[in-house]
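Heads up, data21.tsv below (TSV, C-alpha atoms):
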```tsv
chain	number	residue	atom	x	y	z
V	1	MET	CA	6.00	-2.49	26.98
V	2	ALA	CA	8.70	-0.35	25.39
V	3	ASN	CA	7.94	1.82	22.38
V	4	VAL	CA	9.47	1.18	18.98
V	5	ARG	CA	11.27	4.38	17.98
V	6	TRP	CA	10.62	5.31	14.35
V	7	ALA	CA	12.34	7.68	11.94
V	8	MET	CA	10.23	8.68	8.94
V	9	VAL	CA	11.96	9.62	5.69
V	10	GLY	CA	10.22	12.33	3.71
V	11	THR	CA	8.43	15.61	4.34
V	12	GLY	CA	6.02	15.57	1.38
V	13	LEU	CA	2.52	14.19	0.88
V	14	MET	CA	3.00	11.07	3.00
V	15	ALA	CA	4.16	13.17	5.93
V	16	ASP	CA	1.04	15.31	5.59
V	17	LEU	CA	-1.13	12.20	5.57
V	18	ILE	CA	0.46	10.09	8.29
V	19	LEU	CA	2.34	12.18	10.86
V	20	ARG	CA	-0.70	12.94	13.01
V	21	ASP	CA	-1.39	9.21	13.37
V	22	PHE	CA	1.88	8.49	15.21
V	23	PRO	CA	0.78	9.98	18.56
V	24	LEU	CA	-2.40	7.85	18.33
V	25	SER	CA	-0.45	4.60	17.89
V	26	GLU	CA	0.37	2.32	20.80
V	27	ASN	CA	3.91	0.98	21.35
V	28	THR	CA	5.19	3.61	18.91
V	29	GLU	CA	7.18	6.82	19.10
V	30	LEU	CA	8.10	9.01	16.16
V	31	ALA	CA	11.65	9.88	17.17
V	32	ALA	CA	12.78	11.66	14.01
V	33	LEU	CA	11.68	13.09	10.69
V	34	VAL	CA	14.28	12.77	7.95
V	35	SER	CA	15.03	15.29	5.22
V	36	ARG	CA	18.08	16.40	3.26
V	37	ASP	CA	17.08	19.88	4.42
V	38	THR	CA	16.47	19.51	8.15
V	39	SER	CA	14.78	22.92	8.30
V	40	ARG	CA	11.95	21.45	6.23
V	41	ALA	CA	11.61	18.58	8.69
V	42	GLN	CA	11.61	21.02	11.61
V	43	ALA	CA	8.86	23.07	9.98
V	44	LYS	CA	6.73	20.00	9.31
V	45	LEU	CA	7.09	18.73	12.87
V	46	ALA	CA	6.13	22.14	14.22
V	47	GLU	CA	3.12	22.22	11.89
V	48	VAL	CA	1.73	18.96	13.28
V	49	GLY	CA	2.85	19.55	16.86
V	50	ILE	CA	5.13	16.54	17.29
V	51	ALA	CA	8.30	16.78	19.39
V	52	ALA	CA	10.85	14.81	17.39
V	53	GLN	CA	14.29	15.31	15.92
V	54	ALA	CA	14.85	16.73	12.44
V	55	VAL	CA	17.74	14.74	10.98
V	56	THR	CA	19.39	13.63	7.77
V	57	PHE	CA	19.11	10.04	6.56
V	58	GLU	CA	22.74	9.38	7.49
V	59	GLN	CA	22.12	10.63	11.02
V	60	ALA	CA	18.99	8.50	11.37
V	61	ILE	CA	20.60	5.20	10.43
V	62	ALA	CA	23.60	5.97	12.66
V	63	ASP	CA	21.45	6.77	15.72
V	64	PRO	CA	21.47	3.79	18.14
V	65	ASP	CA	18.20	4.98	19.67
V	66	ILE	CA	16.24	4.64	16.42
V	67	ASP	CA	14.80	1.18	15.83
V	68	LEU	CA	12.97	1.46	12.52
V	69	ILE	CA	13.29	3.54	9.36
V	70	TYR	CA	10.03	4.27	7.53
V	71	ILE	CA	10.95	5.11	3.93
V	72	ALA	CA	8.36	7.40	2.35
V	73	SER	CA	10.56	8.88	-0.37
V	74	PRO	CA	10.00	8.58	-4.16
V	75	HIS	CA	10.24	5.05	-5.59
V	76	SER	CA	13.67	5.77	-7.03
V	77	GLU	CA	15.09	6.07	-3.51
V	78	HIS	CA	13.53	2.98	-1.95
V	79	PHE	CA	16.17	0.40	-2.83
V	80	TRP	CA	19.33	2.17	-1.73
V	81	MET	CA	17.72	3.60	1.40
V	82	ALA	CA	16.28	0.23	2.44
V	83	LYS	CA	19.62	-1.47	1.87
V	84	ALA	CA	21.54	1.18	3.80
V	85	ALA	CA	19.08	1.05	6.70
V	86	LEU	CA	19.29	-2.75	6.92
V	87	GLU	CA	23.08	-2.68	6.74
V	88	ALA	CA	22.97	-0.26	9.68
V	89	GLY	CA	20.86	-2.74	11.66
V	90	LYS	CA	17.51	-0.94	11.35
V	91	HIS	CA	14.10	-2.49	10.76
V	92	ILE	CA	12.32	-1.04	7.73
V	93	LEU	CA	8.86	-0.13	6.51
V	94	VAL	CA	8.84	1.03	2.88
V	95	GLU	CA	6.07	2.88	1.08
V	96	LYS	CA	4.18	1.12	-1.65
V	97	SER	CA	5.12	0.00	-4.07
V	98	PHE	CA	7.90	-1.58	-2.06
V	99	MET	CA	10.57	-1.29	-4.76
V	100	ASN	CA	10.89	-0.40	-8.43
V	101	ASN	CA	10.67	-4.06	-9.45
V	102	ALA	CA	10.49	-7.59	-8.08
V	103	ALA	CA	14.25	-8.21	-8.34
V	104	GLU	CA	14.96	-5.31	-5.99
V	105	ALA	CA	12.22	-6.48	-3.62
V	106	GLU	CA	13.61	-10.01	-3.49
V	107	GLU	CA	17.07	-8.69	-2.64
V	108	ILE	CA	15.83	-6.43	0.15
V	109	TYR	CA	13.56	-9.04	1.74
V	110	ALA	CA	16.38	-11.60	1.61
V	111	LEU	CA	18.82	-9.16	3.21
V	112	ALA	CA	16.36	-8.31	5.98
V	113	LYS	CA	15.78	-11.97	6.80
V	114	ALA	CA	19.49	-12.72	6.74
V	115	LYS	CA	20.04	-9.97	9.30
V	116	GLY	CA	17.03	-10.96	11.40
V	117	LEU	CA	15.37	-7.57	10.82
V	118	PHE	CA	11.75	-6.71	10.18
V	119	SER	CA	10.76	-5.48	6.71
V	120	MET	CA	7.40	-4.74	5.13
V	121	GLU	CA	5.69	-2.82	2.35
V	122	ALA	CA	3.45	-0.10	3.80
V	123	MET	CA	0.18	-1.47	2.39
V	124	TRP	CA	-2.08	0.09	5.02
V	125	THR	CA	-5.28	-1.12	3.32
V	126	LYS	CA	-4.64	-4.66	4.54
V	127	PHE	CA	-4.88	-3.47	8.15
V	128	MET	CA	-8.12	-1.49	7.81
V	129	PRO	CA	-11.00	-2.76	10.00
V	130	LEU	CA	-13.57	-2.45	7.19
V	131	HIS	CA	-11.57	-4.46	4.68
V	132	ASN	CA	-10.75	-7.23	7.13
V	133	GLU	CA	-14.43	-7.64	8.00
V	134	LEU	CA	-15.36	-7.64	4.31
V	135	ILE	CA	-12.85	-10.44	3.74
V	136	GLU	CA	-14.66	-12.52	6.37
V	137	ILE	CA	-18.05	-11.70	4.84
V	138	VAL	CA	-16.86	-12.90	1.43
V	139	ARG	CA	-15.39	-16.06	2.91
V	140	SER	CA	-18.61	-16.76	4.83
V	141	GLY	CA	-20.48	-17.14	1.54
V	142	ARG	CA	-22.91	-14.33	2.25
V	143	ILE	CA	-22.69	-13.08	-1.36
V	144	GLY	CA	-22.34	-16.62	-2.72
V	145	GLN	CA	-19.31	-17.84	-4.60
V	146	LEU	CA	-17.01	-14.92	-5.39
V	147	ARG	CA	-16.77	-14.52	-9.17
V	148	LEU	CA	-15.53	-11.04	-10.00
V	149	ILE	CA	-13.38	-8.34	-8.38
V	150	GLU	CA	-13.16	-4.84	-9.80
V	151	ALA	CA	-10.94	-2.03	-8.50
V	152	ASN	CA	-10.40	1.39	-10.05
V	153	PHE	CA	-7.91	4.08	-9.10
V	154	GLY	CA	-7.73	6.76	-11.76
V	155	PHE	CA	-7.95	10.51	-12.00
V	156	LEU	CA	-7.30	13.13	-14.62
V	157	ARG	CA	-4.12	15.06	-13.99
V	158	THR	CA	-2.05	17.29	-16.26
V	159	PHE	CA	1.25	15.68	-17.23
V	160	ASP	CA	4.21	17.28	-15.47
V	161	ASN	CA	7.56	15.59	-15.89
V	162	ASN	CA	8.91	17.46	-12.87
V	163	HIS	CA	6.40	15.72	-10.58
V	164	ARG	CA	7.35	12.34	-9.13
V	165	LEU	CA	4.14	10.74	-10.45
V	166	PHE	CA	5.22	11.32	-14.05
V	167	ASN	CA	9.02	11.36	-13.86
V	168	LYS	CA	10.66	8.14	-15.02
V	169	GLU	CA	13.85	8.71	-13.02
V	170	LEU	CA	11.77	9.03	-9.83
V	171	GLY	CA	9.86	5.80	-10.49
V	172	GLY	CA	6.78	7.52	-11.86
V	173	GLY	CA	3.80	5.97	-13.58
V	174	SER	CA	0.36	4.74	-12.70
V	175	SER	CA	1.25	1.16	-11.81
V	176	LEU	CA	3.74	1.76	-9.00
V	177	ASP	CA	1.61	4.48	-7.42
V	178	GLN	CA	-2.00	3.38	-8.04
V	179	GLY	CA	-1.86	-0.08	-9.59
V	180	VAL	CA	-0.23	-1.43	-6.44
V	181	TYR	CA	-3.56	-0.76	-4.70
V	182	THR	CA	-5.81	-2.27	-7.38
V	183	THR	CA	-3.58	-5.33	-7.76
V	184	THR	CA	-3.32	-5.84	-4.00
V	185	LEU	CA	-7.09	-5.68	-3.53
V	186	ASN	CA	-7.65	-8.17	-6.34
V	187	ARG	CA	-5.07	-10.65	-5.08
V	188	TRP	CA	-6.13	-10.29	-1.43
V	189	PHE	CA	-9.85	-10.80	-1.89
V	190	ALA	CA	-9.40	-13.54	-4.50
V	191	GLY	CA	-7.40	-15.49	-1.93
V	192	SER	CA	-5.59	-17.34	-4.69
V	193	PRO	CA	-2.42	-16.90	-6.77
V	194	ILE	CA	-2.61	-15.18	-10.15
V	195	LYS	CA	-2.80	-17.77	-12.94
V	196	HIS	CA	-2.77	-15.35	-15.86
V	197	GLN	CA	-2.96	-11.62	-16.47
V	198	SER	CA	-3.20	-9.31	-19.47
V	199	THR	CA	-2.96	-5.53	-19.73
V	200	GLU	CA	-4.13	-2.83	-22.11
V	201	GLY	CA	-3.40	0.88	-21.91
V	202	TYR	CA	-0.74	3.34	-22.95
V	203	ASN	CA	2.44	5.11	-21.85
V	204	TYR	CA	3.35	8.77	-21.83
V	205	PRO	CA	6.06	9.76	-24.35
V	206	ASN	CA	8.68	9.52	-21.57
V	207	GLY	CA	7.89	5.82	-21.12
V	208	VAL	CA	5.96	5.80	-17.84
V	209	ASP	CA	2.54	4.19	-17.84
V	210	ALA	CA	-0.42	6.56	-18.04
V	211	LEU	CA	-3.25	4.00	-18.16
V	212	ALA	CA	-3.05	0.33	-17.22
V	213	MET	CA	-6.17	-1.85	-17.41
V	214	THR	CA	-5.27	-5.32	-16.18
V	215	SER	CA	-7.40	-8.47	-16.23
V	216	PHE	CA	-6.57	-11.25	-13.79
V	217	GLU	CA	-7.45	-14.92	-13.83
V	218	PHE	CA	-6.82	-16.51	-10.44
V	219	GLU	CA	-6.11	-20.18	-9.86
V	220	ASN	CA	-9.40	-20.64	-8.01
V	221	GLY	CA	-11.40	-19.33	-10.97
V	222	VAL	CA	-12.07	-15.81	-9.68
V	223	VAL	CA	-11.73	-13.11	-12.35
V	224	GLY	CA	-10.33	-9.69	-11.49
V	225	ARG	CA	-10.03	-6.25	-13.01
V	226	GLY	CA	-7.54	-3.69	-11.81
V	227	ASN	CA	-7.50	-0.35	-13.59
V	228	SER	CA	-5.16	2.52	-12.77
V	229	SER	CA	-4.57	5.83	-14.50
V	230	LEU	CA	-3.03	9.26	-14.19
V	231	GLY	CA	-4.82	10.56	-17.28
V	232	THR	CA	-8.29	9.03	-17.16
V	233	ALA	CA	-11.04	9.67	-14.59
V	234	LEU	CA	-11.74	6.04	-13.71
V	235	GLY	CA	-13.06	6.73	-10.22
V	236	MET	CA	-11.72	5.14	-7.04
V	237	ALA	CA	-14.28	2.53	-6.01
V	238	ALA	CA	-14.24	-1.27	-5.97
V	239	ARG	CA	-16.77	-4.11	-6.28
V	240	LEU	CA	-16.84	-7.72	-5.13
V	241	VAL	CA	-19.37	-9.76	-7.10
V	242	GLY	CA	-20.67	-13.15	-5.98
V	243	ASP	CA	-23.38	-15.48	-7.28
V	244	SER	CA	-25.96	-13.98	-4.90
V	245	GLY	CA	-24.64	-10.61	-3.91
V	246	ILE	CA	-22.44	-7.59	-4.51
V	247	ILE	CA	-20.24	-5.59	-2.15
V	248	GLU	CA	-19.53	-2.05	-3.30
V	249	ILE	CA	-16.54	-0.48	-1.53
V	250	THR	CA	-16.97	3.28	-1.70
V	251	GLU	CA	-14.35	5.81	-2.80
V	252	ALA	CA	-11.53	5.86	-2.02
V	253	PHE	CA	-11.63	2.07	-1.72
V	254	TRP	CA	-8.22	1.68	-0.08
V	255	ASN	CA	-8.97	3.72	3.05
V	256	THR	CA	-12.75	4.05	3.24
V	257	THR	CA	-14.87	3.19	6.25
V	258	ASP	CA	-17.98	2.43	4.17
V	259	ALA	CA	-19.38	-0.23	1.88
V	260	VAL	CA	-22.78	-1.30	0.57
V	261	ILE	CA	-23.76	-4.97	0.68
V	262	LYS	CA	-26.49	-6.09	-1.73
V	263	THR	CA	-27.85	-9.63	-1.52
V	264	TYR	CA	-30.34	-11.24	-3.89
V	265	SER	CA	-32.80	-14.11	-3.64
V	266	ALA	CA	-33.25	-16.52	-6.53
V	267	ASN	CA	-35.47	-15.20	-9.35
V	268	SER	CA	-35.61	-11.70	-7.84
V	269	VAL	CA	-34.09	-8.50	-9.19
V	270	ASP	CA	-34.66	-6.67	-5.92
V	271	ALA	CA	-31.78	-6.62	-3.49
V	272	GLU	CA	-31.66	-6.51	0.26
V	273	VAL	CA	-29.35	-3.56	0.91
V	274	GLU	CA	-27.15	-2.98	3.96
V	275	GLN	CA	-25.09	0.13	4.52
V	276	PHE	CA	-21.95	-1.30	6.12
V	277	SER	CA	-19.54	0.90	8.06
V	278	ARG	CA	-16.57	0.34	10.34
V	279	PRO	CA	-14.63	3.16	12.03
V	280	ARG	CA	-10.89	3.59	11.76
V	281	LYS	CA	-8.36	5.16	14.07
V	282	GLY	CA	-7.02	8.54	13.02
V	283	ALA	CA	-6.54	8.88	9.29
V	284	GLY	CA	-6.32	5.09	9.04
V	285	TYR	CA	-2.58	4.55	9.31
V	286	VAL	CA	-2.71	3.75	13.03
V	287	HIS	CA	-3.71	0.13	12.37
V	288	MET	CA	-0.64	-0.51	10.20
V	289	ILE	CA	1.73	1.45	12.45
V	290	GLU	CA	0.67	-0.54	15.52
V	291	ALA	CA	0.93	-3.84	13.65
V	292	VAL	CA	4.48	-3.02	12.53
V	293	SER	CA	5.58	-1.95	16.01
V	294	ASN	CA	4.06	-5.08	17.53
V	295	SER	CA	5.86	-7.28	15.00
V	296	VAL	CA	9.17	-5.60	15.82
V	297	LEU	CA	8.57	-6.05	19.55
V	298	ALA	CA	7.71	-9.71	18.96
V	299	GLY	CA	10.98	-10.28	17.09
V	300	GLU	CA	9.27	-11.04	13.78
V	301	THR	CA	10.95	-10.46	10.42
V	302	GLU	CA	7.61	-10.09	8.61
V	303	ASN	CA	3.97	-9.49	9.46
V	304	LYS	CA	1.52	-12.30	8.75
V	305	GLN	CA	-1.11	-9.84	7.52
V	306	HIS	CA	1.15	-8.60	4.71
V	307	THR	CA	3.89	-11.13	4.07
V	308	HIS	CA	6.96	-10.88	1.92
V	309	GLU	CA	5.60	-13.46	-0.50
V	310	PHE	CA	2.33	-11.57	-0.98
V	311	SER	CA	4.22	-8.33	-1.59
V	312	LEU	CA	6.54	-10.08	-4.06
V	313	GLU	CA	3.63	-11.57	-5.99
V	314	VAL	CA	2.10	-8.11	-6.40
V	315	MET	CA	5.47	-6.67	-7.41
V	316	ARG	CA	5.90	-9.37	-10.07
V	317	SER	CA	2.41	-8.60	-11.35
V	318	LEU	CA	3.24	-4.90	-11.63
V	319	ASP	CA	6.39	-5.80	-13.55
V	320	GLN	CA	4.23	-7.74	-16.03
V	321	THR	CA	1.72	-4.91	-16.29
V	322	ARG	CA	4.38	-2.38	-17.23
V	323	ALA	CA	6.16	-4.78	-19.60
V	324	ALA	CA	2.88	-5.33	-21.47
V	325	LEU	CA	2.69	-1.62	-22.29
V	326	ASN	CA	6.24	-1.34	-23.70
```
Would it be possible to restate this file's structure as structure tokens?
Amino acid sequence: MANVRWAMVGTGLMADLILRDFPLSENTELAALVSRDTSRAQAKLAEVGIAAQAVTFEQAIADPDIDLIYIASPHSEHFWMAKAALEAGKHILVEKSFMNNAAEAEEIYALAKAKGLFSMEAMWTKFMPLHNELIEIVRSGRIGQLRLIEANFGFLRTFDNNHRLFNKELGGGSSLDQGVYTTTLNRWFAGSPIKHQSTEGYNYPNGVDALAMTSFEFENGVVGRGNSSLGTALGMAARLVGDSGIIEITEAFWNTTDAVIKTYSANSVDAEVEQFSRPRKGAGYVHMIEAVSNSVLAGETENKQHTHEFSLEVMRSLDQTRAALN
């Protein structure tokens, strides 16, 4: 089977995290690393020992040998880069959150489908072996009827308007960077659309959200909590609470290999405790990379594990979260 040839945009944190997973991924070849300064891309490729081209974005989308553009730039660049890549006939994978808002996401997904090209938000958590087994455990009824989901992603960091996390022009703020994880976990494990949500928290003086504590009510009656922050040490763990058990997903919940399952008998406060662990490939990105390449090879325009509609629902929720703080 032929490899899907990828070009990754960005030489920052995401490159540090994911580049070493490309050689471990089947049906995949990292053909190019994209940077406005190709010397930076060359240095990063040499650092990780990958033989690929160092190119500009314009060169990548014009290269007939590149199949897919993986956009791992700041949020402010996602929309125009995704649109340009699709117009050039390239499949796309875009870092989370997919776009700055739901309107942009709808336009990009519609354009991709119209052109018969694959597009997806890079929500790697939904491809992790641990999380997919935990989904089946919840659905099996092992912890009883699911009642409550809690997910926290917050740390204390000094405000710096020059950093993408805090800069409004770069799409900064807690929700787009961290809340996308807490909202995704809530919506995924609830297995039901959001009926209602409410948010408390505060913004930095420049208008980006510093703390967003969102409560969800799902149509099936499950209640959720998704808390994200750049200025509060919330921790990075998650819990799934049922009538007869609790699953604690250890830090950092979005890419961990470990969980604790506690089950209770009626009228007993003592739990039966299982330490639950499932290995991952590489740093954890391999599972998503392979799924994307396989979808492209199969001629799919979206992946059933992380569909356009799911991504859009989360994006709309993040829009509501930020609007509630303004």
Counting all atoms listed in the file, the residue among V:Ala324, V:Ala105, V:Ala190, V:Leu130 that lies closest to His308 (chain V) is V:Ala105
What does the structure give for the distance between CA of Leu45 (chain V) and CA of Leu33 (chain V), in Å to one decimal?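 Computing the Euclidean distance for CA of Leu45 (chain V) and CA of Leu33 (chain V) yields 7.6 Å.
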Which residues are close to region 235-242 of chain V, i.e. within 9 Å by all atoms listed in the file, leaving aside same-chain residues fewer than 3 positions away? Reply as a short mmCIF file (atom, residue, chain, number, x, y, z; two decimals) with C-alpha atoms, in the coordinates of the input.
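Saved file out.cif follows:
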```
data_model
loop_
_atom_site.label_atom_id
_atom_site.label_comp_id
_atom_site.auth_asym_id
_atom_site.auth_seq_id
_atom_site.Cartn_x
_atom_site.Cartn_y
_atom_site.Cartn_z
CA VAL V 138 -16.86 -12.90 1.43
CA GLY V 141 -20.48 -17.14 1.54
CA ARG V 142 -22.91 -14.33 2.25
CA ILE V 143 -22.69 -13.08 -1.36
CA GLY V 144 -22.34 -16.62 -2.72
CA GLN V 145 -19.31 -17.84 -4.60
CA LEU V 146 -17.01 -14.92 -5.39
CA ARG V 147 -16.77 -14.52 -9.17
CA LEU V 148 -15.53 -11.04 -10.00
CA ILE V 149 -13.38 -8.34 -8.38
CA GLU V 150 -13.16 -4.84 -9.80
CA ALA V 151 -10.94 -2.03 -8.50
CA ASN V 152 -10.40 1.39 -10.05
CA PHE V 153 -7.91 4.08 -9.10
CA GLY V 154 -7.73 6.76 -11.76
CA PHE V 155 -7.95 10.51 -12.00
CA THR V 182 -5.81 -2.27 -7.38
CA LEU V 185 -7.09 -5.68 -3.53
CA PHE V 189 -9.85 -10.80 -1.89
CA THR V 232 -8.29 9.03 -17.16
CA GLY V 245 -24.64 -10.61 -3.91
CA ILE V 246 -22.44 -7.59 -4.51
CA ILE V 247 -20.24 -5.59 -2.15
CA GLU V 248 -19.53 -2.05 -3.30
CA ILE V 249 -16.54 -0.48 -1.53
CA THR V 250 -16.97 3.28 -1.70
CA GLU V 251 -14.35 5.81 -2.80
CA ALA V 252 -11.53 5.86 -2.02
CA PHE V 253 -11.63 2.07 -1.72
CA TRP V 254 -8.22 1.68 -0.08
#
```
Atom pair CA of Ala54 (chain V) / CA of Ala41 (chain V): separation (Å): 5.3 Å
Can I get the residues of region 253-321 of chain V within 10 Å of region 68-89 of chain V, each with the closest pair of atoms and their distance in Å to one decimal, using all atoms listed in the file, sorted chain first then ascending number, as a tab-separated table?
```
residue	atom	partner	partner_atom	distance
V:Val292	CA	V:Leu68	CA	9.6
V:Ser293	CA	V:Leu68	CA	8.9
V:Val296	CA	V:Leu68	CA	8.7
```
One decimal, Å: what's the distance from CA of Glu136 (chain V) over to CA of Gly179 (chain V), could you say? 23.9 Å
Could you list as a PDB file with C-alpha atoms, in the frame of the given file every residue that has an atom within 12 Å of (13.4, 17.1, 5.1), using the file's coordinates and counting all atoms listed in the file?
```
ATOM      1  CA  ALA V   7      12.340   7.680  11.940  1.00  0.00           C
ATOM      2  CA  MET V   8      10.230   8.680   8.940  1.00  0.00           C
ATOM      3  CA  VAL V   9      11.960   9.620   5.690  1.00  0.00           C
ATOM      4  CA  GLY V  10      10.220  12.330   3.710  1.00  0.00           C
ATOM      5  CA  THR V  11       8.430  15.610   4.340  1.00  0.00           C
ATOM      6  CA  GLY V  12       6.020  15.570   1.380  1.00  0.00           C
ATOM      7  CA  ALA V  15       4.160  13.170   5.930  1.00  0.00           C
ATOM      8  CA  ALA V  32      12.780  11.660  14.010  1.00  0.00           C
ATOM      9  CA  LEU V  33      11.680  13.090  10.690  1.00  0.00           C
ATOM     10  CA  VAL V  34      14.280  12.770   7.950  1.00  0.00           C
ATOM     11  CA  SER V  35      15.030  15.290   5.220  1.00  0.00           C
ATOM     12  CA  ARG V  36      18.080  16.400   3.260  1.00  0.00           C
ATOM     13  CA  ASP V  37      17.080  19.880   4.420  1.00  0.00           C
ATOM     14  CA  THR V  38      16.470  19.510   8.150  1.00  0.00           C
ATOM     15  CA  SER V  39      14.780  22.920   8.300  1.00  0.00           C
ATOM     16  CA  ARG V  40      11.950  21.450   6.230  1.00  0.00           C
ATOM     17  CA  ALA V  41      11.610  18.580   8.690  1.00  0.00           C
ATOM     18  CA  GLN V  42      11.610  21.020  11.610  1.00  0.00           C
ATOM     19  CA  ALA V  43       8.860  23.070   9.980  1.00  0.00           C
ATOM     20  CA  LYS V  44       6.730  20.000   9.310  1.00  0.00           C
ATOM     21  CA  LEU V  45       7.090  18.730  12.870  1.00  0.00           C
ATOM     22  CA  GLN V  53      14.290  15.310  15.920  1.00  0.00           C
ATOM     23  CA  ALA V  54      14.850  16.730  12.440  1.00  0.00           C
ATOM     24  CA  VAL V  55      17.740  14.740  10.980  1.00  0.00           C
ATOM     25  CA  THR V  56      19.390  13.630   7.770  1.00  0.00           C
ATOM     26  CA  PHE V  57      19.110  10.040   6.560  1.00  0.00           C
ATOM     27  CA  ALA V  72       8.360   7.400   2.350  1.00  0.00           C
ATOM     28  CA  SER V  73      10.560   8.880  -0.370  1.00  0.00           C
TER      29      SER V  73
END
```
For region 198-207 of chain V: contacts at 8 Å, all atoms listed in the file, fewer than 4 positions along chain excluded, given as a count of residues only: 12
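Across V:Lys96, V:Lys90, V:Lys126, V:Arg278, the tightest approach to Asn303 (chain V) is made by V:Lys126 when counting all atoms listed in the file.
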